[in-house]
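A.B. asks: After the structure tokens below, expect a handful of questions from me.
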Amino acid sequence: MTESETIPPVSPEAALSGAHWTIYLPTLTVAATWAVVFLWAEWREPPLAAIRSIALAVEAVVVPVLFVHAFLRARVLRAEAADGEVHLRWGFPFRRELTLPAGQVALAQARQSWAQRFLGGGALALIERNGRRHLVADLARPEEIAALINETNRRKDAA
């Protein structure tokens with residue numbers, strides 16, 4: 001089987017993005033921080049039992065809750081630009097969905113924090129012609145969607 005048979009060609013008229021793996025970074029940061037606190041409390045002489053217990057409680061309760069929340073956010077998160085329309089779905093526990101024509105978008109931008117520039121991913125920022133703003137964070141390829149929306153609008157304006 002050749003590479004062209006396993007990877008379908010990408011249409012220049014459609015862009016799709018789901019969640020980027022960096023959606024789990026806050027959970028990993030909390031887990032690592034409290035693991036260090038636990039080890040610090042354990043290695044003290046005498047061991048700090050109360051701090052060690054708090055660290056274990058955070059690792060046992062808070063970290064799994066954060067992980068499940070990030071996982072469910074990642075399952076919901078989706079952005080697509082195709083056929084002159086933009087379809088967005090984001091948010092957990094309150095899901096939001098938005099479908100609008102690409103011509104109604106005045107500006108589409110991909111925004112990245114310094115960590116996202118280094119690790120990948122980013123956010124899709126949309127400003128509608130009526131002034132409403134939308135920001136969908138933690139996308140894998142927001143620049144492709146923003147570029148397709150802006151290119152679609154540029155072609156319509158040129159015609």
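Labels used: A, B, ... for chains in the order of the structure tokens, numbers from 1 for residues in each chain, and numbers from 1 for ligands as shown.
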Extract, using only C-alpha atoms, all DNA, RNA and protein residues at most 9 Å from segment 68-78 of chain A, discarding same-chain residues fewer than 5 positions from it, and format them as a PDB file with N, CA and C atoms, in the first residue's frame.
C.D. replies:
ATOM      1  N   LEU A  16     -10.449  21.282   8.459  1.00  0.00           N
ATOM      2  CA  LEU A  16     -11.058  20.703   9.647  1.00  0.00           C
ATOM      3  C   LEU A  16     -10.005  20.637  10.746  1.00  0.00           C
ATOM      4  N   SER A  17     -10.408  20.935  11.952  1.00  0.00           N
ATOM      5  CA  SER A  17      -9.489  20.855  13.086  1.00  0.00           C
ATOM      6  C   SER A  17     -10.227  20.389  14.325  1.00  0.00           C
ATOM      7  N   GLY A  18      -9.546  19.553  15.074  1.00  0.00           N
ATOM      8  CA  GLY A  18     -10.041  19.127  16.374  1.00  0.00           C
ATOM      9  C   GLY A  18      -9.129  19.679  17.452  1.00  0.00           C
ATOM     10  N   ALA A  19      -9.152  19.036  18.598  1.00  0.00           N
ATOM     11  CA  ALA A  19      -8.358  19.497  19.735  1.00  0.00           C
ATOM     12  C   ALA A  19      -6.890  19.135  19.554  1.00  0.00           C
ATOM     13  N   HIS A  20      -6.018  19.989  20.057  1.00  0.00           N
ATOM     14  CA  HIS A  20      -4.583  19.739  20.078  1.00  0.00           C
ATOM     15  C   HIS A  20      -4.242  19.097  21.418  1.00  0.00           C
ATOM     16  N   TRP A  21      -3.179  18.315  21.461  1.00  0.00           N
ATOM     17  CA  TRP A  21      -2.837  17.609  22.695  1.00  0.00           C
ATOM     18  C   TRP A  21      -2.502  18.557  23.847  1.00  0.00           C
ATOM     19  N   ILE A  23      -4.235  20.602  25.163  1.00  0.00           N
ATOM     20  CA  ILE A  23      -5.400  20.792  26.015  1.00  0.00           C
ATOM     21  C   ILE A  23      -5.192  20.099  27.368  1.00  0.00           C
ATOM     22  N   TYR A  24      -4.275  19.112  27.408  1.00  0.00           N
ATOM     23  CA  TYR A  24      -3.994  18.385  28.640  1.00  0.00           C
ATOM     24  C   TYR A  24      -2.855  18.994  29.460  1.00  0.00           C
ATOM     25  N   PRO A  26      -2.528  21.829  31.314  1.00  0.00           N
ATOM     26  CA  PRO A  26      -2.829  22.243  32.691  1.00  0.00           C
ATOM     27  C   PRO A  26      -2.939  21.063  33.655  1.00  0.00           C
ATOM     28  N   THR A  27      -3.528  19.972  33.211  1.00  0.00           N
ATOM     29  CA  THR A  27      -3.634  18.786  34.053  1.00  0.00           C
ATOM     30  C   THR A  27      -2.256  18.226  34.366  1.00  0.00           C
ATOM     31  N   VAL A  63      -6.586  15.893  40.113  1.00  0.00           N
ATOM     32  CA  VAL A  63      -5.970  15.565  38.822  1.00  0.00           C
ATOM     33  C   VAL A  63      -6.898  14.721  37.945  1.00  0.00           C
ATOM     34  N   HIS A  87     -18.300  26.046  10.621  1.00  0.00           N
ATOM     35  CA  HIS A  87     -19.007  25.282  11.654  1.00  0.00           C
ATOM     36  C   HIS A  87     -18.066  25.174  12.853  1.00  0.00           C
ATOM     37  N   LEU A  88     -18.515  25.645  14.000  1.00  0.00           N
ATOM     38  CA  LEU A  88     -17.726  25.590  15.223  1.00  0.00           C
ATOM     39  C   LEU A  88     -18.519  24.885  16.307  1.00  0.00           C
ATOM     40  N   ARG A  89     -17.823  24.057  17.081  1.00  0.00           N
ATOM     41  CA  ARG A  89     -18.435  23.399  18.237  1.00  0.00           C
ATOM     42  C   ARG A  89     -17.381  23.365  19.341  1.00  0.00           C
ATOM     43  N   TRP A  90     -17.710  23.913  20.493  1.00  0.00           N
ATOM     44  CA  TRP A  90     -16.756  23.965  21.591  1.00  0.00           C
ATOM     45  C   TRP A  90     -17.511  24.049  22.907  1.00  0.00           C
ATOM     46  N   GLY A  91     -16.787  23.840  23.992  1.00  0.00           N
ATOM     47  CA  GLY A  91     -17.354  24.026  25.324  1.00  0.00           C
ATOM     48  C   GLY A  91     -17.760  22.754  26.018  1.00  0.00           C
ATOM     49  N   PHE A  92     -17.372  22.652  27.262  1.00  0.00           N
ATOM     50  CA  PHE A  92     -17.834  21.599  28.146  1.00  0.00           C
ATOM     51  C   PHE A  92     -17.815  22.182  29.546  1.00  0.00           C
ATOM     52  N   PRO A  93     -18.823  22.041  30.327  1.00  0.00           N
ATOM     53  CA  PRO A  93     -20.008  21.208  30.194  1.00  0.00           C
ATOM     54  C   PRO A  93     -21.136  21.853  29.383  1.00  0.00           C
ATOM     55  N   ARG A  95     -22.069  23.039  25.966  1.00  0.00           N
ATOM     56  CA  ARG A  95     -21.632  23.018  24.581  1.00  0.00           C
ATOM     57  C   ARG A  95     -22.229  24.184  23.814  1.00  0.00           C
ATOM     58  N   VAL A 136     -12.265  30.188  19.833  1.00  0.00           N
ATOM     59  CA  VAL A 136     -12.273  28.744  20.061  1.00  0.00           C
ATOM     60  C   VAL A 136     -10.825  28.339  20.333  1.00  0.00           C
ATOM     61  N   ALA A 137     -10.546  27.984  21.571  1.00  0.00           N
ATOM     62  CA  ALA A 137      -9.175  27.702  21.992  1.00  0.00           C
ATOM     63  C   ALA A 137      -8.825  26.226  21.835  1.00  0.00           C
ATOM     64  N   ASP A 138      -7.521  25.957  21.860  1.00  0.00           N
ATOM     65  CA  ASP A 138      -6.945  24.605  21.883  1.00  0.00           C
ATOM     66  C   ASP A 138      -7.191  23.800  20.615  1.00  0.00           C
ATOM     67  N   LEU A 139      -7.208  24.461  19.471  1.00  0.00           N
ATOM     68  CA  LEU A 139      -7.354  23.759  18.196  1.00  0.00           C
ATOM     69  C   LEU A 139      -5.996  23.307  17.678  1.00  0.00           C
TER      70      LEU A 139
END
A.B. asks: Could you give me, as a list of chain:residue names, the residues within 12 Å of segment 28-31 of chain A, counting only C-alpha atoms and dropping anything in the same chain fewer than 4 positions from it?
C.D. replies: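 The contact residues come out as A:Trp21, A:Thr22, A:Ile23, A:Tyr24, A:Ala35, A:Val36, A:Val37, A:Phe38, A:Ala55, A:Leu56, A:Ala57, A:Val58, A:Glu59, A:Ala60, A:Val61, A:Val62, A:Val63, A:Pro64, A:Val65, A:Leu66, A:Phe67, A:Ala70.
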A.B. asks: Could those selected residues go to a file with N, CA and C atoms, as an mmCIF file, in the first residue's frame?
C.D. replies:
data_model
loop_
_atom_site.group_PDB
_atom_site.id
_atom_site.type_symbol
_atom_site.label_atom_id
_atom_site.label_comp_id
_atom_site.auth_asym_id
_atom_site.auth_seq_id
_atom_site.Cartn_x
_atom_site.Cartn_y
_atom_site.Cartn_z
ATOM 1 N N TRP A 21 -3.179 18.315 21.461
ATOM 2 C CA TRP A 21 -2.837 17.609 22.695
ATOM 3 C C TRP A 21 -2.502 18.557 23.847
ATOM 4 N N THR A 22 -2.187 19.806 23.557
ATOM 5 C CA THR A 22 -1.856 20.750 24.630
ATOM 6 C C THR A 22 -3.056 21.079 25.519
ATOM 7 N N ILE A 23 -4.235 20.602 25.163
ATOM 8 C CA ILE A 23 -5.400 20.792 26.015
ATOM 9 C C ILE A 23 -5.192 20.099 27.368
ATOM 10 N N TYR A 24 -4.275 19.112 27.408
ATOM 11 C CA TYR A 24 -3.994 18.385 28.640
ATOM 12 C C TYR A 24 -2.855 18.994 29.460
ATOM 13 N N ALA A 35 3.154 16.326 42.635
ATOM 14 C CA ALA A 35 4.086 15.212 42.830
ATOM 15 C C ALA A 35 5.383 15.722 43.465
ATOM 16 N N VAL A 36 5.849 16.878 43.013
ATOM 17 C CA VAL A 36 7.043 17.482 43.608
ATOM 18 C C VAL A 36 6.769 17.864 45.062
ATOM 19 N N VAL A 37 5.591 18.417 45.350
ATOM 20 C CA VAL A 37 5.243 18.773 46.729
ATOM 21 C C VAL A 37 5.210 17.519 47.600
ATOM 22 N N PHE A 38 4.659 16.443 47.077
ATOM 23 C CA PHE A 38 4.613 15.190 47.836
ATOM 24 C C PHE A 38 6.023 14.698 48.148
ATOM 25 N N ALA A 55 -1.132 16.625 49.328
ATOM 26 C CA ALA A 55 -0.631 16.356 47.977
ATOM 27 C C ALA A 55 -1.239 15.076 47.409
ATOM 28 N N LEU A 56 -1.344 14.049 48.226
ATOM 29 C CA LEU A 56 -1.976 12.807 47.764
ATOM 30 C C LEU A 56 -3.450 13.016 47.438
ATOM 31 N N ALA A 57 -4.130 13.805 48.251
ATOM 32 C CA ALA A 57 -5.548 14.073 47.984
ATOM 33 C C ALA A 57 -5.718 14.829 46.663
ATOM 34 N N VAL A 58 -4.855 15.796 46.408
ATOM 35 C CA VAL A 58 -4.928 16.532 45.139
ATOM 36 C C VAL A 58 -4.655 15.586 43.974
ATOM 37 N N GLU A 59 -3.636 14.735 44.109
ATOM 38 C CA GLU A 59 -3.322 13.783 43.039
ATOM 39 C C GLU A 59 -4.446 12.769 42.822
ATOM 40 N N ALA A 60 -5.126 12.394 43.897
ATOM 41 C CA ALA A 60 -6.167 11.372 43.795
ATOM 42 C C ALA A 60 -7.516 11.926 43.349
ATOM 43 N N VAL A 61 -7.793 13.196 43.638
ATOM 44 C CA VAL A 61 -9.118 13.740 43.341
ATOM 45 C C VAL A 61 -9.066 14.805 42.247
ATOM 46 N N VAL A 62 -8.253 15.826 42.432
ATOM 47 C CA VAL A 62 -8.261 16.970 41.522
ATOM 48 C C VAL A 62 -7.706 16.609 40.152
ATOM 49 N N VAL A 63 -6.586 15.893 40.113
ATOM 50 C CA VAL A 63 -5.970 15.565 38.822
ATOM 51 C C VAL A 63 -6.898 14.721 37.945
ATOM 52 N N PRO A 64 -7.544 13.670 38.463
ATOM 53 C CA PRO A 64 -8.486 12.939 37.600
ATOM 54 C C PRO A 64 -9.664 13.793 37.121
ATOM 55 N N VAL A 65 -10.158 14.693 37.976
ATOM 56 C CA VAL A 65 -11.259 15.574 37.559
ATOM 57 C C VAL A 65 -10.798 16.489 36.423
ATOM 58 N N LEU A 66 -9.609 17.064 36.562
ATOM 59 C CA LEU A 66 -9.067 17.913 35.494
ATOM 60 C C LEU A 66 -8.852 17.131 34.209
ATOM 61 N N PHE A 67 -8.365 15.899 34.330
ATOM 62 C CA PHE A 67 -8.144 15.071 33.146
ATOM 63 C C PHE A 67 -9.453 14.744 32.436
ATOM 64 N N ALA A 70 -10.707 17.861 30.642
ATOM 65 C CA ALA A 70 -9.945 18.116 29.416
ATOM 66 C C ALA A 70 -10.300 17.099 28.335
#
A.B. asks: Among segment 10-67 of chain A, which residues carry a DSSP assignment of strand (DSSP E or B), reported as a list in words?
C.D. replies: Ala14, Ala15, Leu16, Ser17 and Ala19 of chain A
A.B. asks: Output N, CA, C and O atoms for every residue in that selection, as an mmCIF file, in the first residue's frame.
C.D. replies:
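Result file follows (result.cif):
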data_model
loop_
_atom_site.group_PDB
_atom_site.id
_atom_site.type_symbol
_atom_site.label_atom_id
_atom_site.label_comp_id
_atom_site.auth_asym_id
_atom_site.auth_seq_id
_atom_site.Cartn_x
_atom_site.Cartn_y
_atom_site.Cartn_z
ATOM 1 N N ALA A 14 -11.730 22.883 1.914
ATOM 2 C CA ALA A 14 -12.232 22.471 3.225
ATOM 3 C C ALA A 14 -11.071 22.368 4.207
ATOM 4 O O ALA A 14 -9.989 21.924 3.853
ATOM 5 N N ALA A 15 -11.307 22.790 5.424
ATOM 6 C CA ALA A 15 -10.320 22.675 6.502
ATOM 7 C C ALA A 15 -11.048 22.222 7.759
ATOM 8 O O ALA A 15 -12.120 22.720 8.070
ATOM 9 N N LEU A 16 -10.449 21.282 8.459
ATOM 10 C CA LEU A 16 -11.058 20.703 9.647
ATOM 11 C C LEU A 16 -10.005 20.637 10.746
ATOM 12 O O LEU A 16 -8.849 20.317 10.482
ATOM 13 N N SER A 17 -10.408 20.935 11.952
ATOM 14 C CA SER A 17 -9.489 20.855 13.086
ATOM 15 C C SER A 17 -10.227 20.389 14.325
ATOM 16 O O SER A 17 -11.356 20.793 14.574
ATOM 17 N N ALA A 19 -9.152 19.036 18.598
ATOM 18 C CA ALA A 19 -8.358 19.497 19.735
ATOM 19 C C ALA A 19 -6.890 19.135 19.554
ATOM 20 O O ALA A 19 -6.553 18.102 18.983
#
A.B. asks: Restricting the calculation to only C-alpha atoms, which member of A:Leu98, A:Ala158, A:Leu107, A:Leu25 is positioned closest to Gly121 of chain A?
C.D. replies: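 Distance minimum relative to Gly121 of chain A lands on A:Leu25.
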A.B. asks: May I have the residues within 9 Å of Ala125 of chain A as a PyMOL selection string, using only C-alpha atoms and disregarding those fewer than 5 positions away in the same chain?
C.D. replies: chain A and resi 107-111+133-137+142+146
A.B. asks: Limited to N, CA and C atoms, could you put the picked residues into a file as a compact mmCIF listing (two decimals), in the first residue's frame?
C.D. replies:
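Output saved as result.txt:
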# COMPACT_ATOMS: atom_id res chain seq x y z
N LEU A 107 -13.16 39.04 10.01
CA LEU A 107 -11.76 38.73 10.24
C LEU A 107 -11.64 37.38 10.92
N ALA A 108 -10.74 36.55 10.42
CA ALA A 108 -10.43 35.27 11.04
C ALA A 108 -8.92 35.24 11.31
N GLN A 109 -8.56 34.95 12.55
CA GLN A 109 -7.15 34.92 12.93
C GLN A 109 -6.86 33.66 13.73
N ALA A 110 -5.62 33.18 13.56
CA ALA A 110 -5.11 32.12 14.42
C ALA A 110 -4.25 32.79 15.47
N ARG A 111 -4.55 32.54 16.73
CA ARG A 111 -3.78 33.15 17.83
C ARG A 111 -3.07 32.05 18.59
N ARG A 133 -17.84 38.60 18.56
CA ARG A 133 -16.54 37.93 18.57
C ARG A 133 -16.68 36.52 19.12
N HIS A 134 -15.87 35.63 18.56
CA HIS A 134 -15.85 34.24 19.00
C HIS A 134 -14.40 33.80 19.10
N LEU A 135 -14.08 33.03 20.14
CA LEU A 135 -12.74 32.50 20.32
C LEU A 135 -12.86 31.03 20.66
N VAL A 136 -12.27 30.19 19.83
CA VAL A 136 -12.27 28.74 20.06
C VAL A 136 -10.83 28.34 20.33
N ALA A 137 -10.55 27.98 21.57
CA ALA A 137 -9.17 27.70 21.99
C ALA A 137 -8.82 26.23 21.84
N PRO A 142 -5.63 25.88 13.70
CA PRO A 142 -6.49 27.05 13.50
C PRO A 142 -6.04 27.92 12.32
N ALA A 146 -8.48 29.66 9.47
CA ALA A 146 -8.47 31.11 9.30
C ALA A 146 -8.06 31.48 7.87
A.B. asks: Figure out the distance between atom CA of Ser113 of chain A and atom CA of Glu13 of chain A, please, to one decimal in Å.
C.D. replies: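 These atoms are spaced 27.5 Å apart.
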A.B. asks: Could you work out how far atom CA of Glu128 of chain A lies from atom CA of Lys156 of chain A, giving the answer in Å with one decimal?
C.D. replies: 15.9 Å
A.B. asks: Report, in Å with one decimal, the straight-line distance from atom CA of Ala123 of chain A to atom CA of Glu144 of chain A.
C.D. replies: 11.4 Å
A.B. asks: What's around Asn130 of chain A at 9 Å? Count only C-alpha atoms, leave out sequence neighbours fewer than 3 positions away in its own chain, and write the answer as a PyMOL selection string.
C.D. replies: chain A and resi 104-106+127
A.B. asks: Filtering to N, CA, C and O atoms, could you give me those residues as a PDB file, in the first residue's frame?
C.D. replies:
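Saved the output as out_9.pdb:
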ATOM      1  N   GLN A 104     -19.946  36.253   6.348  1.00  0.00           N
ATOM      2  CA  GLN A 104     -20.369  37.007   7.523  1.00  0.00           C
ATOM      3  C   GLN A 104     -19.189  37.261   8.465  1.00  0.00           C
ATOM      4  O   GLN A 104     -19.283  38.053   9.386  1.00  0.00           O
ATOM      5  N   VAL A 105     -18.057  36.603   8.224  1.00  0.00           N
ATOM      6  CA  VAL A 105     -16.874  36.779   9.062  1.00  0.00           C
ATOM      7  C   VAL A 105     -16.040  37.923   8.494  1.00  0.00           C
ATOM      8  O   VAL A 105     -15.586  37.878   7.359  1.00  0.00           O
ATOM      9  N   ALA A 106     -15.839  38.948   9.286  1.00  0.00           N
ATOM     10  CA  ALA A 106     -15.025  40.083   8.852  1.00  0.00           C
ATOM     11  C   ALA A 106     -13.542  39.769   8.967  1.00  0.00           C
ATOM     12  O   ALA A 106     -12.742  40.186   8.138  1.00  0.00           O
ATOM     13  N   ILE A 127     -14.226  37.478  14.102  1.00  0.00           N
ATOM     14  CA  ILE A 127     -15.008  38.688  14.319  1.00  0.00           C
ATOM     15  C   ILE A 127     -16.022  38.764  13.188  1.00  0.00           C
ATOM     16  O   ILE A 127     -15.651  38.800  12.012  1.00  0.00           O
TER      17      ILE A 127
END
A.B. asks: Excluding segment 150-155 of chain A and any residue of its chain fewer than 5 positions from it, enumerate the residues within 7 Å of it, using only C-alpha atoms, and give them as a ChimeraX atom specification.
C.D. replies: /A:84,102-103,108
A.B. asks: Write the residues you've just listed into a file as a PDB file, in the first residue's frame, and include all heavy atoms for each of them.
C.D. replies:
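Listing of result07.pdb after writing:
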ATOM      1  N   GLY A  84     -17.993  27.400   1.891  1.00  0.00           N
ATOM      2  CA  GLY A  84     -18.375  28.772   2.202  1.00  0.00           C
ATOM      3  C   GLY A  84     -19.048  28.958   3.545  1.00  0.00           C
ATOM      4  O   GLY A  84     -19.645  29.997   3.788  1.00  0.00           O
ATOM      5  N   ALA A 102     -19.188  32.059   5.602  1.00  0.00           N
ATOM      6  CA  ALA A 102     -17.854  32.660   5.676  1.00  0.00           C
ATOM      7  C   ALA A 102     -17.899  34.143   5.343  1.00  0.00           C
ATOM      8  O   ALA A 102     -17.104  34.927   5.863  1.00  0.00           O
ATOM      9  CB  ALA A 102     -16.900  31.931   4.735  1.00  0.00           C
ATOM     10  N   GLY A 103     -18.833  34.560   4.511  1.00  0.00           N
ATOM     11  CA  GLY A 103     -18.962  35.969   4.158  1.00  0.00           C
ATOM     12  C   GLY A 103     -19.387  36.844   5.320  1.00  0.00           C
ATOM     13  O   GLY A 103     -19.195  38.056   5.291  1.00  0.00           O
ATOM     14  N   ALA A 108     -10.744  36.554  10.417  1.00  0.00           N
ATOM     15  CA  ALA A 108     -10.425  35.272  11.045  1.00  0.00           C
ATOM     16  C   ALA A 108      -8.925  35.244  11.313  1.00  0.00           C
ATOM     17  O   ALA A 108      -8.134  35.535  10.418  1.00  0.00           O
ATOM     18  CB  ALA A 108     -10.825  34.116  10.139  1.00  0.00           C
TER      19      ALA A 108
END
A.B. asks: Given only C-alpha atoms as the basis, pick out the residue of A:Ile54, A:Leu39, A:Leu100, A:Ala140 nearest to Arg117 of chain A.
C.D. replies: A:Ala140
A.B. asks: From a DSSP pass on the backbone, collect the residues of segment 1-158 of chain A flagged as alpha helix (DSSP H) and hand them back as a ChimeraX atom specification.
C.D. replies: /A:3-6,25-43,49-57,63-76,114-119,142-158
